[in-house]
Amino acid sequence: MSNKTGVTRRGLIAGAAAVPIAATMAPQMARAKAEMKGVGMTRFNRMKLGNFEVTTLLVGTRTVENPQSIFGMNVSGEEFAEVSAAANIPTDAAQFFFTPTVVNTGNELVLFDAGLSPESITGALEAAGYAADQIDTVVITHMHGDHVGGVAGENGVTFANAKHVTGRVEFDAWAASDSNKAFEGKIRPNAERFDMIEAGASVGSGITAEAAFGHTPGHMAYRIESEGKQLMIAADFANHYVWSLAYPDWEVKFDRDKAAAAATRRKMLDMLAADQIPFVGYHMPWPGVGYVETHEGGYKYAPASYQLMLG
């Protein structure tokens, strides 16, 4: 039987089969044109430590050019490049992270360092489900601007309900000088709010101060203990996971006493590696939590995976 339209049964079947294919291709092509979102990451990371909850907060991140002007100042450009290449990181730029930490003991909410500004620290806290007026204690590990910037702003102190704690050695060193703008703007006007402590002092249940001098005159770390589990709030004892932690004798621009800072790094690295204690490093790659491993007679940073999800 002839088909005057020129359409065969086989052609109809083939055409019908092609319809859903075309229909599904169009939406796919549209989705391929979605706008670029840019690099993104979370604002907080919460873990368990015994009966405690530990939350790291990302208050900021920025790219810094020419990192050897900051790290490895006492080594050749060739050595810096060789070490960087082995770690798969560039030599022309580094990414800085700024990571305060909240420890919830069940009875107290303790904040370690106040970040870059009131807005950045309160924003990160809110993302993590906390309000500034819930903080019971603010602990300042040392007085650099990226750690004290959020203590106060134009509207006064940020954590009005909290007691503030810092090391006596650190406070006295900066109080005797007018060279630290962050101290002058954020700490000195609020000095009456601060309790001064020494190494070995307890600032809360299961929280003990440990001297880690060198980066600044009275830089402190804090050991957190709950149900036999430990974690170190290590602050700035090592400012980069390769160029400082893996090479503790490399000089760092921001270390006030470079020899003392290197000695502190070695002491802490030995302890963290031997006891397998995880630590929070203020400038470690986000979310800022890892372990120290011995490696070829030296040290290596091992980012935490799921260990602290399990308690």
# chains A, B, ... in the order shown; residues from 1 in each chain; ligands from 1
>>> residues_around(residues="Glu170 of chain A", least_positions_apart="3", cutoff="10 Å", atoms="only C-alpha atoms", output="ChimeraX atom specification")
/A:140-143,166-167,173-175,196-198,213,216-220
>>> write_last_selection(atoms="N, CA, C and O atoms", output="short mmCIF file (atom, residue, chain, number, x, y, z; two decimals), in the first residue's frame")
data_model
loop_
_atom_site.label_atom_id
_atom_site.label_comp_id
_atom_site.auth_asym_id
_atom_site.auth_seq_id
_atom_site.Cartn_x
_atom_site.Cartn_y
_atom_site.Cartn_z
N ILE A 140 42.30 34.63 74.79
CA ILE A 140 43.17 35.19 73.75
C ILE A 140 44.53 34.51 73.85
O ILE A 140 45.23 34.65 74.86
N THR A 141 44.92 33.79 72.80
CA THR A 141 46.19 33.06 72.82
C THR A 141 47.38 34.01 72.72
O THR A 141 48.43 33.77 73.31
N HIS A 142 47.22 35.08 71.95
CA HIS A 142 48.26 36.11 71.82
C HIS A 142 47.64 37.33 71.16
O HIS A 142 46.49 37.28 70.70
N MET A 143 48.41 38.42 71.11
CA MET A 143 47.82 39.73 70.81
C MET A 143 47.99 40.22 69.38
O MET A 143 47.95 41.43 69.14
N THR A 166 43.77 35.98 79.27
CA THR A 166 44.98 35.95 78.44
C THR A 166 46.19 35.75 79.34
O THR A 166 46.11 35.89 80.56
N GLY A 167 47.34 35.43 78.74
CA GLY A 167 48.55 35.21 79.50
C GLY A 167 49.13 36.51 80.04
O GLY A 167 49.19 37.51 79.33
N ALA A 173 54.02 42.27 78.12
CA ALA A 173 54.99 42.61 77.07
C ALA A 173 54.45 43.70 76.15
O ALA A 173 55.16 44.65 75.81
N TRP A 174 53.20 43.57 75.74
CA TRP A 174 52.62 44.57 74.84
C TRP A 174 52.21 45.84 75.60
O TRP A 174 52.26 46.95 75.03
N ALA A 175 51.83 45.70 76.85
CA ALA A 175 51.45 46.88 77.63
C ALA A 175 52.63 47.81 77.86
O ALA A 175 52.45 49.02 78.04
N MET A 196 44.46 37.69 84.10
CA MET A 196 45.80 37.32 83.64
C MET A 196 46.18 35.98 84.24
O MET A 196 46.01 35.76 85.44
N ILE A 197 46.69 35.08 83.40
CA ILE A 197 47.02 33.74 83.87
C ILE A 197 48.46 33.39 83.52
O ILE A 197 49.10 34.03 82.67
N GLU A 198 48.95 32.34 84.16
CA GLU A 198 50.27 31.78 83.88
C GLU A 198 50.08 30.41 83.24
O GLU A 198 48.99 29.82 83.27
N PHE A 213 55.94 30.07 73.95
CA PHE A 213 56.49 31.39 73.67
C PHE A 213 57.38 31.39 72.42
O PHE A 213 57.93 30.37 72.03
N THR A 216 55.06 35.18 69.78
CA THR A 216 54.99 36.44 70.52
C THR A 216 55.57 36.18 71.91
O THR A 216 55.80 35.02 72.28
N PRO A 217 55.82 37.22 72.70
CA PRO A 217 56.51 37.02 73.99
C PRO A 217 55.81 36.04 74.93
O PRO A 217 56.49 35.32 75.67
N GLY A 218 54.47 36.00 74.90
CA GLY A 218 53.76 35.12 75.82
C GLY A 218 52.72 34.26 75.14
O GLY A 218 51.71 33.91 75.75
N HIS A 219 52.97 33.89 73.89
CA HIS A 219 52.04 33.06 73.13
C HIS A 219 51.71 31.78 73.90
O HIS A 219 52.60 31.10 74.42
N MET A 220 50.42 31.46 73.99
CA MET A 220 49.96 30.28 74.74
C MET A 220 49.22 29.30 73.83
O MET A 220 48.55 29.69 72.87
#
>>> residues_around(residues="segment 224-234 of chain A", least_positions_apart="3", cutoff="8 Å", atoms="only C-alpha atoms", output="VMD selection string")
chain A and resid 49 to 52 101 112 206 to 208 220 to 221 237 277 to 282
>>> residues_around(residues="His240 of chain A", least_positions_apart="5", cutoff="10 Å", atoms="only C-alpha atoms", output="PDB file with all heavy atoms, in the first residue's frame")
ATOM      1  N   PHE A  71      57.722  33.108  54.917  1.00  0.00           N
ATOM      2  CA  PHE A  71      58.169  31.798  55.376  1.00  0.00           C
ATOM      3  C   PHE A  71      59.500  31.419  54.731  1.00  0.00           C
ATOM      4  O   PHE A  71      59.747  31.735  53.571  1.00  0.00           O
ATOM      5  CB  PHE A  71      57.136  30.722  55.016  1.00  0.00           C
ATOM      6  CG  PHE A  71      55.760  30.979  55.555  1.00  0.00           C
ATOM      7  CD1 PHE A  71      54.755  31.454  54.729  1.00  0.00           C
ATOM      8  CD2 PHE A  71      55.465  30.748  56.883  1.00  0.00           C
ATOM      9  CE1 PHE A  71      53.477  31.684  55.211  1.00  0.00           C
ATOM     10  CE2 PHE A  71      54.196  30.979  57.391  1.00  0.00           C
ATOM     11  CZ  PHE A  71      53.200  31.458  56.550  1.00  0.00           C
ATOM     12  N   ALA A  94      50.191  32.034  48.550  1.00  0.00           N
ATOM     13  CA  ALA A  94      49.736  31.122  49.605  1.00  0.00           C
ATOM     14  C   ALA A  94      48.341  31.552  50.032  1.00  0.00           C
ATOM     15  O   ALA A  94      47.988  32.735  49.936  1.00  0.00           O
ATOM     16  CB  ALA A  94      50.685  31.152  50.802  1.00  0.00           C
ATOM     17  N   GLN A  95      47.575  30.588  50.505  1.00  0.00           N
ATOM     18  CA  GLN A  95      46.235  30.898  51.011  1.00  0.00           C
ATOM     19  C   GLN A  95      46.275  30.878  52.531  1.00  0.00           C
ATOM     20  O   GLN A  95      46.666  29.885  53.130  1.00  0.00           O
ATOM     21  CB  GLN A  95      45.211  29.887  50.493  1.00  0.00           C
ATOM     22  CG  GLN A  95      43.764  30.322  50.679  1.00  0.00           C
ATOM     23  CD  GLN A  95      43.384  31.488  49.767  1.00  0.00           C
ATOM     24  OE1 GLN A  95      44.008  31.717  48.731  1.00  0.00           O
ATOM     25  NE2 GLN A  95      42.375  32.246  50.153  1.00  0.00           N
ATOM     26  N   PHE A  96      45.879  31.995  53.148  1.00  0.00           N
ATOM     27  CA  PHE A  96      45.837  32.105  54.602  1.00  0.00           C
ATOM     28  C   PHE A  96      44.417  31.830  55.095  1.00  0.00           C
ATOM     29  O   PHE A  96      43.440  32.271  54.487  1.00  0.00           O
ATOM     30  CB  PHE A  96      46.255  33.507  55.050  1.00  0.00           C
ATOM     31  CG  PHE A  96      47.742  33.728  55.109  1.00  0.00           C
ATOM     32  CD1 PHE A  96      48.605  33.039  54.290  1.00  0.00           C
ATOM     33  CD2 PHE A  96      48.278  34.653  55.992  1.00  0.00           C
ATOM     34  CE1 PHE A  96      49.982  33.248  54.334  1.00  0.00           C
ATOM     35  CE2 PHE A  96      49.635  34.870  56.054  1.00  0.00           C
ATOM     36  CZ  PHE A  96      50.487  34.177  55.226  1.00  0.00           C
ATOM     37  N   PHE A  97      44.320  31.131  56.216  1.00  0.00           N
ATOM     38  CA  PHE A  97      43.042  30.851  56.868  1.00  0.00           C
ATOM     39  C   PHE A  97      43.093  31.391  58.295  1.00  0.00           C
ATOM     40  O   PHE A  97      44.149  31.388  58.925  1.00  0.00           O
ATOM     41  CB  PHE A  97      42.765  29.346  56.895  1.00  0.00           C
ATOM     42  CG  PHE A  97      42.760  28.707  55.533  1.00  0.00           C
ATOM     43  CD1 PHE A  97      43.936  28.223  54.975  1.00  0.00           C
ATOM     44  CD2 PHE A  97      41.586  28.605  54.801  1.00  0.00           C
ATOM     45  CE1 PHE A  97      43.943  27.642  53.713  1.00  0.00           C
ATOM     46  CE2 PHE A  97      41.580  28.023  53.546  1.00  0.00           C
ATOM     47  CZ  PHE A  97      42.763  27.548  52.994  1.00  0.00           C
ATOM     48  N   LEU A 245      55.528  24.042  59.825  1.00  0.00           N
ATOM     49  CA  LEU A 245      55.411  22.800  60.591  1.00  0.00           C
ATOM     50  C   LEU A 245      56.410  21.748  60.112  1.00  0.00           C
ATOM     51  O   LEU A 245      57.129  21.150  60.922  1.00  0.00           O
ATOM     52  CB  LEU A 245      53.977  22.270  60.502  1.00  0.00           C
ATOM     53  CG  LEU A 245      53.632  21.042  61.342  1.00  0.00           C
ATOM     54  CD1 LEU A 245      52.140  21.049  61.695  1.00  0.00           C
ATOM     55  CD2 LEU A 245      53.968  19.729  60.627  1.00  0.00           C
ATOM     56  N   ALA A 246      56.469  21.501  58.812  1.00  0.00           N
ATOM     57  CA  ALA A 246      57.360  20.464  58.295  1.00  0.00           C
ATOM     58  C   ALA A 246      58.830  20.888  58.338  1.00  0.00           C
ATOM     59  O   ALA A 246      59.723  20.034  58.305  1.00  0.00           O
ATOM     60  CB  ALA A 246      56.958  20.083  56.871  1.00  0.00           C
ATOM     61  N   TYR A 247      59.058  22.199  58.442  1.00  0.00           N
ATOM     62  CA  TYR A 247      60.416  22.735  58.496  1.00  0.00           C
ATOM     63  C   TYR A 247      60.496  23.740  59.643  1.00  0.00           C
ATOM     64  O   TYR A 247      60.507  24.957  59.432  1.00  0.00           O
ATOM     65  CB  TYR A 247      60.792  23.367  57.151  1.00  0.00           C
ATOM     66  CG  TYR A 247      60.891  22.336  56.050  1.00  0.00           C
ATOM     67  CD1 TYR A 247      59.748  21.932  55.347  1.00  0.00           C
ATOM     68  CD2 TYR A 247      62.099  21.713  55.762  1.00  0.00           C
ATOM     69  CE1 TYR A 247      59.824  20.947  54.373  1.00  0.00           C
ATOM     70  CE2 TYR A 247      62.176  20.725  54.776  1.00  0.00           C
ATOM     71  CZ  TYR A 247      61.042  20.354  54.093  1.00  0.00           C
ATOM     72  OH  TYR A 247      61.111  19.372  53.134  1.00  0.00           O
ATOM     73  N   PRO A 248      60.538  23.233  60.886  1.00  0.00           N
ATOM     74  CA  PRO A 248      60.404  24.108  62.056  1.00  0.00           C
ATOM     75  C   PRO A 248      61.525  25.121  62.229  1.00  0.00           C
ATOM     76  O   PRO A 248      61.359  26.116  62.943  1.00  0.00           O
ATOM     77  CB  PRO A 248      60.361  23.120  63.232  1.00  0.00           C
ATOM     78  CG  PRO A 248      60.984  21.870  62.711  1.00  0.00           C
ATOM     79  CD  PRO A 248      60.635  21.809  61.267  1.00  0.00           C
ATOM     80  N   VAL A 252      60.116  32.567  60.254  1.00  0.00           N
ATOM     81  CA  VAL A 252      58.818  33.129  59.887  1.00  0.00           C
ATOM     82  C   VAL A 252      58.815  34.618  60.252  1.00  0.00           C
ATOM     83  O   VAL A 252      59.160  34.977  61.383  1.00  0.00           O
ATOM     84  CB  VAL A 252      57.677  32.389  60.614  1.00  0.00           C
ATOM     85  CG1 VAL A 252      56.328  32.994  60.249  1.00  0.00           C
ATOM     86  CG2 VAL A 252      57.706  30.901  60.293  1.00  0.00           C
ATOM     87  N   GLY A 281      45.208  24.314  64.397  1.00  0.00           N
ATOM     88  CA  GLY A 281      46.160  25.362  64.043  1.00  0.00           C
ATOM     89  C   GLY A 281      45.415  26.526  63.427  1.00  0.00           C
ATOM     90  O   GLY A 281      44.662  26.338  62.459  1.00  0.00           O
ATOM     91  N   TYR A 282      45.612  27.704  63.953  1.00  0.00           N
ATOM     92  CA  TYR A 282      44.830  28.869  63.533  1.00  0.00           C
ATOM     93  C   TYR A 282      44.957  29.141  62.034  1.00  0.00           C
ATOM     94  O   TYR A 282      44.020  29.630  61.402  1.00  0.00           O
ATOM     95  CB  TYR A 282      45.276  30.093  64.336  1.00  0.00           C
ATOM     96  CG  TYR A 282      44.316  31.250  64.307  1.00  0.00           C
ATOM     97  CD1 TYR A 282      43.208  31.272  65.146  1.00  0.00           C
ATOM     98  CD2 TYR A 282      44.518  32.338  63.458  1.00  0.00           C
ATOM     99  CE1 TYR A 282      42.319  32.342  65.134  1.00  0.00           C
ATOM    100  CE2 TYR A 282      43.637  33.416  63.445  1.00  0.00           C
ATOM    101  CZ  TYR A 282      42.542  33.413  64.290  1.00  0.00           C
ATOM    102  OH  TYR A 282      41.656  34.474  64.276  1.00  0.00           O
ATOM    103  N   HIS A 283      46.126  28.808  61.466  1.00  0.00           N
ATOM    104  CA  HIS A 283      46.349  29.076  60.047  1.00  0.00           C
ATOM    105  C   HIS A 283      46.540  27.804  59.223  1.00  0.00           C
ATOM    106  O   HIS A 283      46.979  27.888  58.070  1.00  0.00           O
ATOM    107  CB  HIS A 283      47.570  29.988  59.876  1.00  0.00           C
ATOM    108  CG  HIS A 283      47.430  31.315  60.548  1.00  0.00           C
ATOM    109  ND1 HIS A 283      46.515  32.258  60.145  1.00  0.00           N
ATOM    110  CD2 HIS A 283      48.071  31.852  61.620  1.00  0.00           C
ATOM    111  CE1 HIS A 283      46.604  33.334  60.932  1.00  0.00           C
ATOM    112  NE2 HIS A 283      47.535  33.101  61.828  1.00  0.00           N
ATOM    113  N   MET A 284      46.211  26.656  59.785  1.00  0.00           N
ATOM    114  CA  MET A 284      46.279  25.423  59.008  1.00  0.00           C
ATOM    115  C   MET A 284      45.170  25.419  57.950  1.00  0.00           C
ATOM    116  O   MET A 284      44.182  26.125  58.076  1.00  0.00           O
ATOM    117  CB  MET A 284      46.130  24.212  59.922  1.00  0.00           C
ATOM    118  CG  MET A 284      47.275  23.978  60.887  1.00  0.00           C
ATOM    119  SD  MET A 284      48.867  23.620  60.103  1.00  0.00           S
ATOM    120  CE  MET A 284      49.785  25.126  60.508  1.00  0.00           C
ATOM    121  N   PRO A 285      45.310  24.599  56.902  1.00  0.00           N
ATOM    122  CA  PRO A 285      44.252  24.546  55.879  1.00  0.00           C
ATOM    123  C   PRO A 285      42.902  24.204  56.508  1.00  0.00           C
ATOM    124  O   PRO A 285      42.819  23.318  57.362  1.00  0.00           O
ATOM    125  CB  PRO A 285      44.734  23.434  54.941  1.00  0.00           C
ATOM    126  CG  PRO A 285      46.223  23.416  55.112  1.00  0.00           C
ATOM    127  CD  PRO A 285      46.455  23.729  56.549  1.00  0.00           C
ATOM    128  N   TYR A 301      52.473  17.165  58.347  1.00  0.00           N
ATOM    129  CA  TYR A 301      51.094  17.457  58.745  1.00  0.00           C
ATOM    130  C   TYR A 301      50.153  16.447  58.114  1.00  0.00           C
ATOM    131  O   TYR A 301      50.218  16.185  56.909  1.00  0.00           O
ATOM    132  CB  TYR A 301      50.721  18.868  58.300  1.00  0.00           C
ATOM    133  CG  TYR A 301      49.309  19.287  58.645  1.00  0.00           C
ATOM    134  CD1 TYR A 301      48.925  19.480  59.961  1.00  0.00           C
ATOM    135  CD2 TYR A 301      48.364  19.503  57.639  1.00  0.00           C
ATOM    136  CE1 TYR A 301      47.639  19.889  60.281  1.00  0.00           C
ATOM    137  CE2 TYR A 301      47.076  19.914  57.950  1.00  0.00           C
ATOM    138  CZ  TYR A 301      46.720  20.097  59.267  1.00  0.00           C
ATOM    139  OH  TYR A 301      45.440  20.501  59.578  1.00  0.00           O
TER     140      TYR A 301
END
>>> closest_atom_pairs(of="segment 114-176 of chain A", to="segment 59-69 of chain A", cutoff="10 Å", atoms="only C-alpha atoms", output="CSV")
residue,atom,partner,partner_atom,distance
A:Ala114,CA,A:Val59,CA,9.1
A:Gly115,CA,A:Val59,CA,6.3
A:Leu116,CA,A:Val59,CA,7.0
A:Ser117,CA,A:Val59,CA,8.6
A:Pro118,CA,A:Val59,CA,10.0
A:Glu119,CA,A:Val59,CA,9.0
A:Ser120,CA,A:Val59,CA,5.2
A:Ile121,CA,A:Val59,CA,5.8
A:Thr122,CA,A:Val59,CA,8.8
A:Gly123,CA,A:Val59,CA,7.8
A:Ala124,CA,A:Val59,CA,6.0
A:Leu125,CA,A:Val59,CA,9.0
A:Asp146,CA,A:Gly60,CA,9.6
A:Gly150,CA,A:Val59,CA,10.0
>>> select_by_dssp(residues="segment 47-80 of chain A", states="helix (DSSP H, G or I)", output="PyMOL selection string")
chain A and resi 67-69+77-80
>>> write_last_selection(atoms="all heavy atoms", output="compact mmCIF listing (two decimals), in the first residue's frame")
# COMPACT_ATOMS: atom_id res chain seq x y z
N PRO A 67 55.13 34.25 49.12
CA PRO A 67 55.16 33.68 50.46
C PRO A 67 56.54 33.55 51.07
O PRO A 67 56.68 33.50 52.30
CB PRO A 67 54.49 32.31 50.29
CG PRO A 67 54.57 32.02 48.84
CD PRO A 67 54.50 33.32 48.15
N GLN A 68 57.61 33.53 50.25
CA GLN A 68 58.93 33.42 50.87
C GLN A 68 59.36 34.71 51.55
O GLN A 68 60.35 34.73 52.28
CB GLN A 68 60.00 32.94 49.89
CG GLN A 68 61.19 32.36 50.65
CD GLN A 68 62.34 31.90 49.81
OE1 GLN A 68 62.29 31.94 48.56
NE2 GLN A 68 63.41 31.46 50.45
N SER A 69 58.62 35.78 51.36
CA SER A 69 58.88 36.98 52.15
C SER A 69 58.37 36.82 53.57
O SER A 69 58.65 37.65 54.44
CB SER A 69 58.22 38.19 51.49
OG SER A 69 56.80 38.08 51.54
N GLY A 77 66.10 30.42 47.64
CA GLY A 77 64.92 30.31 46.79
C GLY A 77 64.82 28.94 46.16
O GLY A 77 63.71 28.42 45.95
N GLU A 78 65.97 28.33 45.85
CA GLU A 78 65.98 27.00 45.26
C GLU A 78 65.41 25.96 46.23
O GLU A 78 64.61 25.10 45.84
CB GLU A 78 67.40 26.62 44.84
CG GLU A 78 67.95 27.41 43.67
CD GLU A 78 68.38 28.84 44.05
OE1 GLU A 78 68.46 29.12 45.27
OE2 GLU A 78 68.59 29.64 43.13
N GLU A 79 65.82 26.04 47.50
CA GLU A 79 65.31 25.09 48.49
C GLU A 79 63.82 25.30 48.72
O GLU A 79 63.06 24.34 48.83
CB GLU A 79 66.08 25.22 49.81
CG GLU A 79 65.62 24.21 50.86
CD GLU A 79 66.43 24.28 52.15
OE1 GLU A 79 67.38 25.07 52.22
OE2 GLU A 79 66.07 23.54 53.09
N PHE A 80 63.41 26.55 48.80
CA PHE A 80 62.00 26.87 48.99
C PHE A 80 61.17 26.31 47.83
O PHE A 80 60.11 25.70 48.04
CB PHE A 80 61.81 28.38 49.09
CG PHE A 80 60.43 28.82 49.47
CD1 PHE A 80 60.03 28.85 50.80
CD2 PHE A 80 59.51 29.21 48.50
CE1 PHE A 80 58.75 29.25 51.16
CE2 PHE A 80 58.23 29.61 48.85
CZ PHE A 80 57.85 29.63 50.19
>>> atom_distance(atom1="atom CA of Trp250 of chain A", atom2="atom CA of Gly72 of chain A")
4.6 Å
>>> closest_residue(among="A:Thr91, A:Ser179, A:Thr55, A:Asn161", to="Arg193 of chain A", atoms="only C-alpha atoms")
A:Asn161
>>> atom_distance(atom1="atom CA of Gly290 of chain A", atom2="atom CA of Ala87 of chain A")
16.4 Å
